[in-house]
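Q: Take a look at protein_15.txt, compact mmCIF, C-alpha atoms and all ligand atoms:
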# COMPACT_ATOMS: atom_id res chain seq x y z
CA MET A 1 -13.63 9.83 19.62
CA LYS A 2 -12.12 6.39 20.05
CA ILE A 3 -10.58 4.80 16.99
CA LEU A 4 -9.47 1.29 16.11
CA LEU A 5 -6.67 0.89 13.55
CA LEU A 6 -5.93 -2.53 12.02
CA GLY A 7 -2.39 -3.57 11.09
CA SER A 8 1.13 -3.86 12.44
CA GLY A 9 3.65 -2.36 10.03
CA GLY A 10 5.42 0.92 9.37
CA ARG A 11 2.30 2.07 7.55
CA GLU A 12 0.23 1.62 10.70
CA HIS A 13 2.82 3.39 12.85
CA ALA A 14 2.53 6.35 10.43
CA PHE A 15 -1.29 6.20 10.68
CA ALA A 16 -1.07 6.11 14.49
CA TRP A 17 1.45 8.98 14.59
CA LYS A 18 -0.77 11.14 12.38
CA ILE A 19 -4.21 10.24 13.78
CA THR A 20 -3.17 10.92 17.36
CA GLN A 21 -2.02 14.45 16.46
CA SER A 22 -5.68 15.29 15.93
CA PRO A 23 -7.61 16.99 18.76
CA LEU A 24 -10.54 14.78 17.67
CA CYS A 25 -8.70 11.65 18.82
CA GLU A 26 -9.58 10.68 22.36
CA LYS A 27 -7.95 7.25 22.27
CA LEU A 28 -6.43 5.01 19.61
CA PHE A 29 -6.28 1.22 19.70
CA ILE A 30 -4.04 -0.61 17.24
CA LEU A 31 -4.75 -4.25 16.41
CA PRO A 32 -2.25 -5.87 16.64
CA GLY A 33 0.23 -2.95 16.37
CA ASN A 34 3.97 -2.98 17.08
CA ALA A 35 6.39 -1.33 19.53
CA GLY A 36 6.08 1.95 17.61
CA THR A 37 2.28 2.12 17.57
CA ALA A 38 2.34 1.49 21.33
CA GLN A 39 3.84 5.00 21.71
CA HIS A 40 0.56 6.43 20.40
CA GLY A 41 -2.13 4.18 21.78
CA GLU A 42 -2.99 0.77 23.12
CA ASN A 43 -2.03 -2.33 21.15
CA VAL A 44 -4.58 -5.15 21.00
CA SER A 45 -2.59 -8.29 20.37
CA HIS A 46 -5.10 -11.02 21.18
CA ILE A 47 -7.38 -10.63 18.10
CA SER A 48 -6.54 -11.46 14.46
CA VAL A 49 -7.17 -8.81 11.76
CA ASN A 50 -9.34 -11.41 9.99
CA ASP A 51 -11.54 -12.28 12.99
CA PHE A 52 -14.29 -9.79 12.13
CA GLU A 53 -16.74 -10.92 14.81
CA ALA A 54 -14.11 -10.46 17.56
CA ILE A 55 -13.12 -7.08 16.10
CA GLY A 56 -16.78 -6.01 16.09
CA GLN A 57 -17.27 -7.10 19.71
CA PHE A 58 -14.10 -5.24 20.73
CA CYS A 59 -15.47 -2.10 18.99
CA LEU A 60 -18.70 -2.37 21.00
CA GLN A 61 -16.89 -2.93 24.31
CA GLN A 62 -14.58 0.05 23.75
CA GLU A 63 -17.18 2.31 22.10
CA ILE A 64 -15.10 2.67 18.96
CA ALA A 65 -16.48 5.35 16.61
CA LEU A 66 -14.21 4.76 13.59
CA LEU A 67 -12.46 1.67 12.20
CA VAL A 68 -9.45 2.35 9.99
CA VAL A 69 -8.09 -0.62 8.02
CA GLY A 70 -4.37 -0.55 7.14
CA PRO A 71 -3.62 -3.79 5.24
CA GLU A 72 -5.40 -5.27 2.21
CA GLU A 73 -6.19 -8.72 3.56
CA PRO A 74 -9.16 -7.90 5.83
CA LEU A 75 -10.51 -5.62 3.08
CA VAL A 76 -10.28 -8.31 0.42
CA ASN A 77 -11.91 -10.69 2.95
CA GLY A 78 -14.84 -8.28 3.30
CA ILE A 79 -14.52 -6.47 6.63
CA TYR A 80 -16.43 -3.47 5.23
CA ASP A 81 -19.38 -5.66 4.19
CA PHE A 82 -19.27 -7.52 7.51
CA PHE A 83 -19.67 -4.27 9.46
CA THR A 84 -22.27 -2.65 7.19
CA GLY A 85 -24.22 -5.93 6.99
CA SER A 86 -24.56 -6.29 10.77
CA ASP A 87 -27.23 -4.60 12.92
CA SER A 88 -24.76 -4.52 15.82
CA PHE A 89 -21.81 -2.96 13.99
CA ARG A 90 -23.34 -0.90 11.15
CA HIS A 91 -23.07 2.37 13.10
CA ILE A 92 -19.25 2.18 13.09
CA PRO A 93 -17.84 3.70 9.89
CA VAL A 94 -15.13 1.60 8.24
CA ILE A 95 -12.39 3.38 6.31
CA GLY A 96 -11.61 1.00 3.48
CA PRO A 97 -13.51 -0.25 0.45
CA SER A 98 -16.25 -2.87 0.25
CA LYS A 99 -15.26 -6.38 -0.78
CA ASN A 100 -16.07 -5.52 -4.40
CA GLY A 101 -13.95 -2.38 -4.21
CA ALA A 102 -11.05 -4.33 -2.69
CA LEU A 103 -11.12 -6.56 -5.79
CA LEU A 104 -9.24 -3.76 -7.53
CA GLU A 105 -6.28 -5.19 -5.61
CA GLY A 106 -7.58 -8.68 -4.83
CA SER A 107 -8.06 -9.72 -8.47
CA LYS A 108 -5.75 -8.60 -11.26
CA ALA A 109 -8.29 -9.86 -13.82
CA PHE A 110 -11.05 -7.77 -12.20
CA SER A 111 -8.88 -4.65 -12.13
CA LYS A 112 -7.90 -5.09 -15.80
CA GLN A 113 -11.58 -5.56 -16.80
CA PHE A 114 -12.47 -2.45 -14.79
CA MET A 115 -9.77 -0.37 -16.51
CA ILE A 116 -10.68 -1.54 -20.01
CA LYS A 117 -14.40 -0.94 -19.36
CA HIS A 118 -13.78 2.62 -18.16
CA GLY A 119 -11.13 3.57 -20.73
CA ILE A 120 -8.29 3.86 -18.19
CA PRO A 121 -4.84 3.48 -19.82
CA THR A 122 -3.19 0.17 -18.89
CA ALA A 123 -1.06 -2.51 -20.59
CA ALA A 124 -2.89 -4.71 -23.14
CA TYR A 125 -3.66 -8.12 -21.63
CA GLN A 126 -5.53 -11.43 -21.71
CA GLU A 127 -6.50 -13.76 -18.86
CA PHE A 128 -6.12 -17.55 -18.77
CA THR A 129 -7.13 -20.50 -16.59
CA LEU A 130 -6.09 -24.17 -16.64
CA ALA A 131 -8.87 -24.81 -19.18
CA THR A 132 -7.27 -22.28 -21.56
CA LEU A 133 -3.59 -23.17 -20.94
CA GLU A 134 -2.93 -23.95 -24.63
CA GLU A 135 -4.40 -20.58 -25.69
CA GLY A 136 -2.10 -19.03 -23.08
CA PHE A 137 0.92 -20.66 -24.77
CA ASP A 138 -0.26 -19.33 -28.16
CA PHE A 139 -0.71 -15.85 -26.67
CA ILE A 140 2.81 -16.00 -25.20
CA ASP A 141 4.19 -16.90 -28.67
CA GLU A 142 2.58 -13.76 -30.08
CA GLN A 143 4.33 -11.48 -27.54
CA ILE A 144 7.72 -9.83 -27.80
CA PRO A 145 9.60 -10.53 -24.50
CA PRO A 146 9.83 -9.53 -21.73
CA ILE A 147 6.42 -11.05 -20.95
CA VAL A 148 4.55 -10.12 -17.77
CA LEU A 149 2.62 -12.85 -15.92
CA LYS A 150 0.44 -11.95 -12.95
CA ALA A 151 -1.29 -14.31 -10.55
CA ASP A 152 -4.87 -13.09 -10.31
CA GLY A 153 -5.18 -13.13 -6.51
CA LEU A 154 -3.19 -11.83 -3.55
CA ALA A 155 0.25 -13.44 -3.45
CA ALA A 156 2.06 -11.41 -0.77
CA GLY A 157 3.53 -9.10 -3.40
CA LYS A 158 5.27 -12.00 -5.19
CA GLY A 159 2.67 -12.83 -7.85
CA VAL A 160 4.16 -10.80 -10.73
CA LEU A 161 6.78 -12.47 -12.94
CA ILE A 162 8.66 -10.73 -15.70
CA CYS A 163 9.91 -13.41 -18.10
CA GLU A 164 12.76 -12.77 -20.50
CA THR A 165 11.98 -15.60 -22.96
CA HIS A 166 8.92 -17.34 -24.40
CA GLU A 167 10.08 -20.62 -22.87
CA GLU A 168 10.41 -19.14 -19.37
CA ALA A 169 6.96 -17.55 -19.69
CA LYS A 170 5.40 -20.88 -20.75
CA ASN A 171 7.09 -22.75 -17.88
CA GLU A 172 5.89 -20.16 -15.40
CA LEU A 173 2.36 -20.18 -16.81
CA ARG A 174 2.29 -23.97 -16.42
CA ALA A 175 3.67 -23.70 -12.86
CA MET A 176 1.02 -21.15 -11.94
CA LEU A 177 -2.00 -22.86 -13.51
CA GLU A 178 -1.08 -26.56 -13.24
CA GLN A 179 1.10 -26.68 -10.14
CA ASN A 180 -0.58 -23.86 -8.19
CA LYS A 181 2.69 -21.96 -7.78
CA PHE A 182 0.85 -19.25 -5.82
CA GLY A 183 -1.91 -21.50 -4.48
CA ASN A 184 -5.44 -20.43 -5.39
CA ALA A 185 -4.12 -16.96 -6.24
CA SER A 186 -2.80 -18.37 -9.52
CA ASN A 187 -5.94 -20.28 -10.60
CA LYS A 188 -6.23 -17.46 -13.09
CA VAL A 189 -3.31 -15.64 -14.71
CA VAL A 190 -3.18 -12.28 -16.45
CA ILE A 191 -0.59 -12.03 -19.22
CA GLU A 192 0.16 -8.48 -20.21
CA GLN A 193 2.28 -6.27 -22.40
CA PHE A 194 5.55 -5.13 -20.82
CA LEU A 195 5.61 -1.36 -20.32
CA LYS A 196 9.00 0.29 -20.44
CA GLY A 197 9.13 3.49 -18.44
CA ILE A 198 9.52 4.94 -14.99
CA GLU A 199 7.26 4.12 -12.05
CA PHE A 200 5.65 6.31 -9.43
CA SER A 201 2.57 6.16 -7.21
CA ILE A 202 -0.45 8.32 -6.59
CA PHE A 203 -2.67 8.09 -3.52
CA VAL A 204 -6.30 9.09 -3.53
CA LEU A 205 -8.77 9.32 -0.66
CA THR A 206 -12.40 8.91 -1.73
CA ASP A 207 -15.75 8.82 0.01
CA GLY A 208 -17.37 7.40 -3.12
CA LYS A 209 -18.71 10.79 -4.17
CA SER A 210 -15.63 12.97 -4.45
CA TYR A 211 -11.91 12.47 -4.03
CA LYS A 212 -8.75 14.17 -2.78
CA ILE A 213 -5.27 13.56 -4.13
CA LEU A 214 -2.55 13.05 -1.51
CA PRO A 215 1.18 13.69 -2.00
CA HIS A 216 2.64 11.32 -4.62
CA ALA A 217 5.68 9.10 -4.09
CA LYS A 218 8.20 6.74 -5.61
CA ASP A 219 9.44 3.68 -3.80
CA TYR A 220 12.63 1.74 -4.39
CA LYS A 221 12.10 -2.00 -4.14
CA ARG A 222 15.59 -3.47 -4.69
CA ILE A 223 17.57 -4.48 -1.62
CA GLY A 224 20.93 -3.05 -2.67
CA GLU A 225 22.44 0.42 -2.75
CA GLY A 226 21.75 2.16 -6.09
CA ASP A 227 18.56 0.15 -6.86
CA THR A 228 20.32 -3.21 -7.31
CA GLY A 229 19.75 -6.79 -6.13
CA LEU A 230 16.67 -8.71 -5.06
CA ASN A 231 13.17 -7.29 -4.91
CA THR A 232 11.69 -6.47 -1.50
CA GLY A 233 8.50 -4.98 -0.12
CA GLY A 234 10.15 -1.54 -0.52
CA MET A 235 13.45 -0.28 0.91
CA GLY A 236 13.02 3.45 0.60
CA CYS A 237 10.70 6.07 -0.72
CA ILE A 238 10.68 9.74 -1.72
CA SER A 239 8.06 12.49 -2.07
CA PRO A 240 7.63 14.59 -4.13
CA VAL A 241 9.06 12.77 -7.15
CA PRO A 242 11.31 15.15 -9.13
CA PHE A 243 10.17 14.00 -12.60
CA VAL A 244 6.45 14.23 -11.82
CA SER A 245 5.46 17.62 -13.26
CA ASP A 246 2.17 19.46 -12.74
CA ALA A 247 1.32 18.66 -16.37
CA LEU A 248 1.83 14.92 -15.73
CA LEU A 249 -0.28 15.10 -12.56
CA LYS A 250 -3.04 16.82 -14.54
CA THR A 251 -2.95 14.02 -17.13
CA VAL A 252 -3.09 11.43 -14.34
CA GLU A 253 -6.09 13.17 -12.80
CA GLU A 254 -7.97 13.47 -16.08
CA THR A 255 -7.19 10.10 -17.66
CA ILE A 256 -6.90 7.90 -14.55
CA ILE A 257 -8.22 9.31 -11.26
CA ARG A 258 -11.50 10.79 -12.49
CA PRO A 259 -12.43 7.77 -14.65
CA THR A 260 -11.57 5.47 -11.72
CA ILE A 261 -13.88 7.30 -9.29
CA GLN A 262 -16.56 7.63 -11.97
CA GLY A 263 -16.18 3.92 -12.83
CA LEU A 264 -16.68 2.92 -9.19
CA LYS A 265 -19.86 5.00 -9.10
CA GLU A 266 -21.18 3.63 -12.40
CA ASP A 267 -20.50 0.05 -11.33
CA ARG A 268 -22.10 0.72 -7.92
CA ILE A 269 -18.94 -0.33 -6.10
CA VAL A 270 -18.96 1.10 -2.57
CA TYR A 271 -15.59 2.66 -1.83
CA LYS A 272 -14.75 4.84 1.18
CA GLY A 273 -11.03 4.71 1.62
CA PHE A 274 -7.63 4.98 0.02
CA ILE A 275 -6.77 4.01 -3.55
CA TYR A 276 -3.09 3.49 -4.26
CA ILE A 277 -2.47 3.76 -7.99
CA GLY A 278 0.85 2.33 -9.21
CA LEU A 279 1.75 4.09 -12.46
CA MET A 280 4.27 3.73 -15.26
CA GLN A 281 5.15 6.81 -17.24
CA VAL A 282 5.80 5.72 -20.83
CA GLY A 283 6.91 8.75 -22.83
CA GLU A 284 4.50 11.45 -21.67
CA GLN A 285 1.63 9.02 -21.03
CA PRO A 286 0.89 7.49 -17.60
CA TYR A 287 -0.44 3.90 -17.50
CA VAL A 288 -1.87 2.03 -14.51
CA ILE A 289 0.34 -0.88 -13.46
CA GLU A 290 -1.81 -1.79 -10.47
CA TYR A 291 -4.40 -0.61 -8.01
CA ASN A 292 -4.09 -1.28 -4.30
CA CYS A 293 -7.09 -0.85 -2.01
CA ARG A 294 -5.04 0.67 0.84
CA MET A 295 -2.09 2.96 1.48
CA GLY A 296 1.41 1.77 0.58
CA ASP A 297 4.18 0.67 2.89
CA PRO A 298 6.69 2.43 3.08
CA GLU A 299 4.87 5.16 1.08
CA THR A 300 2.63 6.08 4.02
CA GLU A 301 5.72 6.86 6.08
CA ILE A 302 6.43 9.86 3.81
CA VAL A 303 2.98 10.70 2.44
CA PHE A 304 1.43 11.31 5.88
CA PRO A 305 4.37 13.38 7.19
CA ARG A 306 3.78 15.60 4.14
CA ILE A 307 0.12 16.21 5.09
CA LYS A 308 -0.20 19.19 7.41
CA SER A 309 -3.99 19.12 7.83
CA ASP A 310 -5.92 16.87 10.22
CA LEU A 311 -5.99 13.36 8.71
CA LEU A 312 -8.49 12.11 11.28
CA GLN A 313 -10.89 14.88 10.31
CA HIS A 314 -10.46 13.84 6.64
CA LEU A 315 -11.17 10.20 7.55
CA ILE A 316 -14.29 11.11 9.53
CA ALA A 317 -15.47 13.14 6.50
CA THR A 318 -14.77 10.10 4.30
CA GLY A 319 -17.04 8.00 6.50
CA ASN A 320 -19.74 10.72 6.41
CA GLU A 321 -19.42 11.23 2.64
CA THR A 322 -18.50 14.90 3.15
CA LEU A 323 -14.93 14.69 1.84
CA ALA A 324 -15.63 17.34 -0.85
CA ALA A 325 -15.59 20.05 1.86
CA GLU A 326 -12.17 18.98 3.21
CA ASP A 327 -8.96 20.81 2.40
CA ILE A 328 -5.87 18.60 2.41
CA VAL A 329 -2.90 20.83 3.14
CA THR A 330 0.50 19.63 2.00
CA ASP A 331 3.90 20.40 3.55
CA SER A 332 6.13 21.95 0.87
CA ARG A 333 9.23 20.21 2.24
CA ALA A 334 10.49 17.00 0.64
CA ALA A 335 10.46 13.77 2.61
CA ALA A 336 12.37 10.52 2.27
CA THR A 337 12.25 7.30 4.20
CA VAL A 338 15.04 4.75 4.41
CA ILE A 339 14.34 1.25 5.65
CA VAL A 340 16.53 -0.44 8.23
CA ALA A 341 16.28 -4.17 7.54
CA SER A 342 17.40 -7.23 9.42
CA GLY A 343 20.59 -8.81 8.01
CA GLY A 344 19.66 -11.43 5.39
CA TYR A 345 16.37 -9.83 4.30
CA PRO A 346 14.68 -10.46 1.83
CA GLY A 347 16.02 -13.99 2.42
CA ASP A 348 16.22 -15.57 5.88
CA TYR A 349 16.81 -13.25 8.79
CA ALA A 350 16.87 -13.41 12.57
CA LYS A 351 14.15 -12.00 14.81
CA GLY A 352 14.31 -10.85 18.42
CA LEU A 353 17.45 -8.69 18.13
CA GLU A 354 17.53 -5.70 20.44
CA ILE A 355 17.39 -2.22 18.85
CA GLN A 356 19.20 0.55 20.71
CA GLY A 357 19.53 4.28 20.22
CA LEU A 358 15.88 4.87 19.32
CA ASN A 359 15.47 7.94 21.51
CA THR A 360 18.35 10.01 20.21
CA VAL A 361 17.04 11.34 16.97
CA ASP A 362 17.03 14.74 15.23
CA PRO A 363 13.68 16.63 15.34
CA ASN A 364 13.65 16.58 11.51
CA THR A 365 13.59 12.79 11.56
CA ILE A 366 10.77 10.43 12.53
CA VAL A 367 11.49 6.78 13.27
CA PHE A 368 8.56 4.60 12.26
CA HIS A 369 8.61 1.02 13.48
CA ALA A 370 7.85 -1.65 10.89
CA GLY A 371 8.83 -5.08 12.28
CA THR A 372 9.37 -4.47 15.99
CA ARG A 373 7.94 -5.68 19.25
CA GLN A 374 8.08 -4.45 22.81
CA ALA A 375 9.55 -6.86 25.37
CA GLY A 376 9.54 -5.21 28.80
CA ASP A 377 11.58 -2.04 28.38
CA LYS A 378 13.38 -3.38 25.30
CA VAL A 379 12.43 -3.05 21.64
CA LEU A 380 13.21 -6.18 19.62
CA THR A 381 13.23 -6.80 15.87
CA ASN A 382 10.21 -8.78 14.71
CA GLY A 383 10.40 -8.75 10.91
CA GLY A 384 12.61 -8.26 7.86
CA ARG A 385 11.91 -4.58 7.48
CA VAL A 386 12.50 -3.22 10.98
CA LEU A 387 12.37 0.59 10.90
CA ALA A 388 11.39 3.23 8.37
CA VAL A 389 13.46 6.30 9.11
CA THR A 390 11.78 9.36 7.58
CA SER A 391 13.36 12.81 7.31
CA TYR A 392 12.32 16.14 5.93
CA GLY A 393 14.62 18.24 3.75
CA GLU A 394 14.56 21.24 1.47
CA ASN A 395 15.05 18.67 -1.30
CA ILE A 396 15.16 14.88 -1.64
CA GLN A 397 18.97 14.68 -1.31
CA GLU A 398 18.88 16.54 2.01
CA ALA A 399 16.09 14.32 3.31
CA VAL A 400 17.86 11.09 2.28
CA SER A 401 21.15 12.23 3.91
CA ALA A 402 19.37 13.11 7.15
CA SER A 403 17.79 9.64 7.29
CA ASN A 404 21.07 7.92 6.48
CA GLN A 405 22.84 9.87 9.23
CA ALA A 406 20.16 8.93 11.77
CA ILE A 407 20.43 5.29 10.71
CA GLU A 408 24.15 5.14 11.44
CA LYS A 409 23.17 5.31 15.09
CA TYR A 410 21.29 2.03 14.91
CA THR A 411 23.64 0.20 12.61
CA SER A 412 26.63 1.15 14.75
CA LYS A 413 24.90 -0.93 17.41
CA ALA A 414 25.32 -3.89 15.02
CA ASN A 415 22.81 -6.68 14.41
CA ILE A 416 20.63 -4.79 11.98
CA ILE A 417 21.76 -3.65 8.60
CA ALA A 418 20.59 -0.55 6.76
CA ARG A 419 20.34 -0.32 3.05
CA ILE A 420 18.46 1.84 0.60
P1 LIG A 501 2.42 -5.25 -9.31
O1 LIG A 501 2.39 -6.26 -8.20
O2 LIG A 501 1.31 -5.32 -10.28
O3 LIG A 501 2.71 -3.86 -8.80
O4 LIG A 501 3.76 -5.55 -10.11
C1 LIG A 501 5.00 -5.56 -9.46
C2 LIG A 501 6.03 -4.86 -10.30
O5 LIG A 501 6.16 -5.50 -11.57
C3 LIG A 501 5.65 -3.42 -10.64
O6 LIG A 501 5.98 -2.55 -9.61
C4 LIG A 501 6.43 -3.19 -11.91
O7 LIG A 501 7.78 -2.87 -11.60
C5 LIG A 501 6.43 -4.55 -12.57
N1 LIG A 501 5.37 -4.60 -13.59
C6 LIG A 501 4.08 -4.99 -13.39
N2 LIG A 501 3.39 -4.92 -14.56
C7 LIG A 501 4.25 -4.49 -15.49
C8 LIG A 501 4.15 -4.21 -16.89
N3 LIG A 501 3.01 -4.40 -17.56
N4 LIG A 501 5.24 -3.78 -17.53
C9 LIG A 501 6.42 -3.61 -16.89
N5 LIG A 501 6.60 -3.86 -15.58
C10 LIG A 501 5.53 -4.30 -14.88
N1 LIG A 502 5.29 -0.32 -1.36
C1 LIG A 502 4.46 -1.16 -2.12
C2 LIG A 502 3.16 -1.50 -1.51
O1 LIG A 502 2.77 -1.04 -0.45
O2 LIG A 502 2.43 -2.27 -2.14
Represent the structure of the file as C-alpha cells.

A:
Amino acid sequence: MKILLLGSGGREHAFAWKITQSPLCEKLFILPGNAGTAQHGENVSHISVNDFEAIGQFCLQQEIALLVVGPEEPLVNGIYDFFTGSDSFRHIPVIGPSKNGALLEGSKAFSKQFMIKHGIPTAAYQEFTLATLEEGFDFIDEQIPPIVLKADGLAAGKGVLICETHEEAKNELRAMLEQNKFGNASNKVVIEQFLKGIEFSIFVLTDGKSYKILPHAKDYKRIGEGDTGLNTGGMGCISPVPFVSDALLKTVEETIIRPTIQGLKEDRIVYKGFIYIGLMQVGEQPYVIEYNCRMGDPETEIVFPRIKSDLLQHLIATGNETLAAEDIVTDSRAAATVIVASGGYPGDYAKGLEIQGLNTVDPNTIVFHAGTRQAGDKVLTNGGRVLAVTSYGENIQEAVSASNQAIEKYTSKANIIARI
C-alpha cells in the first residue's frame, strides 16, 4: 500500500525508517519530510501539514491507503475529523485521534477534567481565566511553592512555568491572562500542585477498543552535560528506564492506561492513534503530568528501534479496529539516542551548515535526521536539533557510549555541537 506520513522531525524519520521495513509498504510519501526521510520515500514539500484539503487531494492523486500523522498541530486542528467528515476522503484511515481526542494535549484544562472525571491520578489543580484573575491570586496564596502554571493551549512546549515564589507566580499569571504571554493559548491557565519525583514516559497505541503498550522511555530535556542548563525539546533519551520495574508498569496499566482508554470510550471520544503519557513517580505512585496525542520526539527514535514486529501492520490494524489481535514484539536490547544540536541551541543558532560523515556509521547505530535538508548532494542543518543518533547496547551505558562515539565523527567536522 501507499502511505502518507505528516511531519519533518527526527520522530518522522524514525516512522519512515520503521514503516518502510514492512513488506506491506509499497511507497511512502513524507510531507514535508527532511533529508533523512528522503532516504526512505518521497518528500512532499509544497503542501503545509495544516492544509487538509490539499493533503486530501494529494492522497486521492497518489492513491494513498493510510495517513499517519506525526506532529500534534494537525491533530489538534482536526485532520481526523476533516477526513472522516468528507465523502471524498473518508475511505483513507487516519492514524491519530479525532479533534476531541487531541484535546488531551491541546487543552490542559480538558485533560485535567478528563483525569479527575475518570479517577486517573494527577496533581490537584484549578483553572482560571481573566474573569477569575483575583481568585487565581487567592489560590496561589494557598499553595506552598514551587507553583506550577500551565497555559491551557499549545505553546510549542513552552507553556509550563514552575514558579519559586508566590510573587513570581502572580506576575506570571497576570502575564498569561492579561498580557497574553502565550497568545490565545494562555486565555485559560491551569494552576497545579508541584509533584516531586522522577519522570518517565509511556506510549500506548489504541484503536479505541483495545490498546497495546510500547517500550517506555525517559528523555533528558536540559541542554548541558549531566542534565544541567536550559530546557530544550529533548536532548537525549533512553529505553528501557532502569528504575521502571514490572510492578510499577503494572500500577501504571491499572491506574492510568486502562482508565484512560475506558474514559475515552465512555466519553465517546474517537481515538485511533498513539497516546504519550508523561508520568511522575512520587514514592511508589505514578501520576500523569501530561498527555500528548502523538509519539514523542526524540522518544520515537528509541521506542521504534526497540519494536521488532511490523509497525505498519499494527497501524493498519489500528485503522481497522483489530489491534487486539496484534502482537507487539520488543527487542530486549537497550537503546539510547543522543541529539546533535546546532551551536547556540536552544537560543539562536545558524542554519544551512553542511553535515559530513553521515555514511560512516557502525551497524549498531542509526542516525535519524531531525533538522536537516537536502541541497543537491549535500545535507545541510535546518533546525536547532539536527540529528538523533540512536544506538543499541546490552545496557543503557553501552548504548549511550556507542552514540557518543558515532557523534564524534560529526562534531570533529566542526560547525555542529553535540551535547546530551
Ligand atoms: P508538560 O508540558 O505538562 O509536560 O510540562 C513540562 C515539564 O514541567 C514536565 O516535563 C515536568 O518536568 C514539569 N511539570 C509539569 N507539571 C508538573 C507538576 N505538577 N509538578 C512538577 N513538575 C511538573
Ligand atoms: N520529548 C517530548 C515531547 O515529544 O513532547

Q: Given only C-alpha atoms as the basis, pick out the residue of A:His40, A:Lys409, A:Lys351, A:His369 nearest to Thr381 of chain A.

A: A:Lys351

Q: With distances taken over all atoms listed in the file, which residue among A:Thr165, A:Asn184, A:Thr232, A:Asn100 lies nearest ligand LIG 502 (chain A)?

A: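 Result for the nearest residue to ligand LIG 502 (chain A): A:Thr232.
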
Q: Would you pick out the contacts of Glu135 of chain A at 12 Å or less, using only C-alpha atoms, so that residues sharing its chain but fewer than 5 positions from it are not included, and give the list as a PyMOL selection string?

A: chain A and resi 126-130+140-142+170+173-174+191

Q: Using all atoms listed in the file, find each residue with an atom at most 6 Å away from ligand LIG 501 (chain A) and format the answer as a list in words.

A: Ala123, Val148, Gly157, Val160, Glu192, Gln193, Phe194, Leu195, Lys196, Ile289 and Glu290 of chain A

Q: When the cut-off is 8 Å and you count all atoms listed in the file, which residues lie near ligand LIG 502 (chain A), shown as a count of residues only?

A: 11

Q: Kindly extract all protein, DNA and RNA residues lying within 12 Å of the coordinates (13.5, 0.6, -3.3) given in the file, considering all atoms listed in the file, and supply them as a count of residues only.

A: 34

Q: Looking at only C-alpha atoms, which of A:Tyr345, A:Phe274, A:Tyr125, A:Phe139 is the one that sits closest to Lys112 of chain A?

A: A:Tyr125

Q: At a cut-off of 8 Å, using all atoms listed in the file, what residues contact segment 31-36 of chain A? Leave out same-chain residues fewer than 2 positions from it and give the result as a ChimeraX atom specification.

A: /A:4-9,12-13,29,38-40,43-49,368-374,379

Q: Between A:Tyr271, A:Ser342, A:Lys212, A:Ala247, which has the minimum distance to Thr330 of chain A (counting all atoms listed in the file)?

A: A:Lys212

Q: Which neighbours of Gly78 of chain A fall inside 9 Å, counting all atoms listed in the file, when residues of the same chain fewer than 3 positions from it are skipped, and could you give them as an MDAnalysis selection string?

A: chainID A and resid 52 73:75 81:83 97:100 102

Q: Using all atoms listed in the file, find all polymer residues with an atom at most 12 Å away from the point (-15.7, 1.7, -19.6); report them as a list in words.

A: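 Neighbouring residues, ordered by chain and number, come to Ser111, Lys112, Gln113, Phe114, Met115, Ile116, Lys117, His118, Gly119, Ile120, Pro121, Ile256, Pro259, Thr260, Ile261, Gln262, Gly263, Leu264, Lys265, Glu266 and Asp267 of chain A.
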
Q: Looking at all atoms listed in the file, which of A:Ala155, A:Val241, A:Val94, A:Leu24 is the one that sits closest to Gly56 of chain A?

A: A:Val94

Q: If we count only C-alpha atoms, what is near Ala151 of chain A at a cut-off of 12 Å, once residues fewer than 2 positions away on the same chain are taken out, given as a ChimeraX atom specification?

A: /A:105-110,127-129,148-149,153-162,172-177,180-192

Q: Enter the distance from atom CA of Tyr291 of chain A to atom CA of Leu104 of chain A, in Å, rounded to one decimal.

A: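 Separation of atom CA of Tyr291 of chain A and atom CA of Leu104 of chain A: 5.8 Å.
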
Q: What's the 10 Å shell around Arg333 of chain A, counting only C-alpha atoms, without same-chain residues fewer than 3 positions away, as a ChimeraX atom specification?

A: /A:239-240,305-306,330,391-396,399

Q: Please measure the separation of atom CA of Ala317 of chain A and atom CA of Arg294 of chain A, giving the value in Å to one decimal.

A: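 Atom CA of Arg294 of chain A lies at a distance of 17.2 Å from atom CA of Ala317 of chain A.
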
Q: Kindly indicate which residue among A:Ser401, A:Gln356, A:Thr300, A:Asn320 lies nearest to Ser201 of chain A, using all atoms listed in the file for the distances.

A: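 Nearest to Ser201 of chain A: A:Thr300.
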
Q: If I take atom CA of Glu42 of chain A and atom CA of Lys18 of chain A, how far is one from the other in Å, to one decimal?

A: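 Here the two named atoms are 15.1 Å from each other.
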
Q: With all atoms listed in the file counted and 6 Å as the cut-off, give the residues of segment 73-176 of chain A in contact with segment 58-69 of chain A, each with its shortest interatomic distance in Å and the pair that gives it, as a tab-separated table.

A:
residue	atom	partner	partner_atom	distance
A:Ile92	CA	A:Ala65	CA	5.5
A:Pro93	CA	A:Leu66	CA	5.3
A:Val94	CA	A:Leu67	CA	4.8
A:Ile95	CA	A:Val68	CA	4.8
A:Gly96	CA	A:Val69	CA	6.0
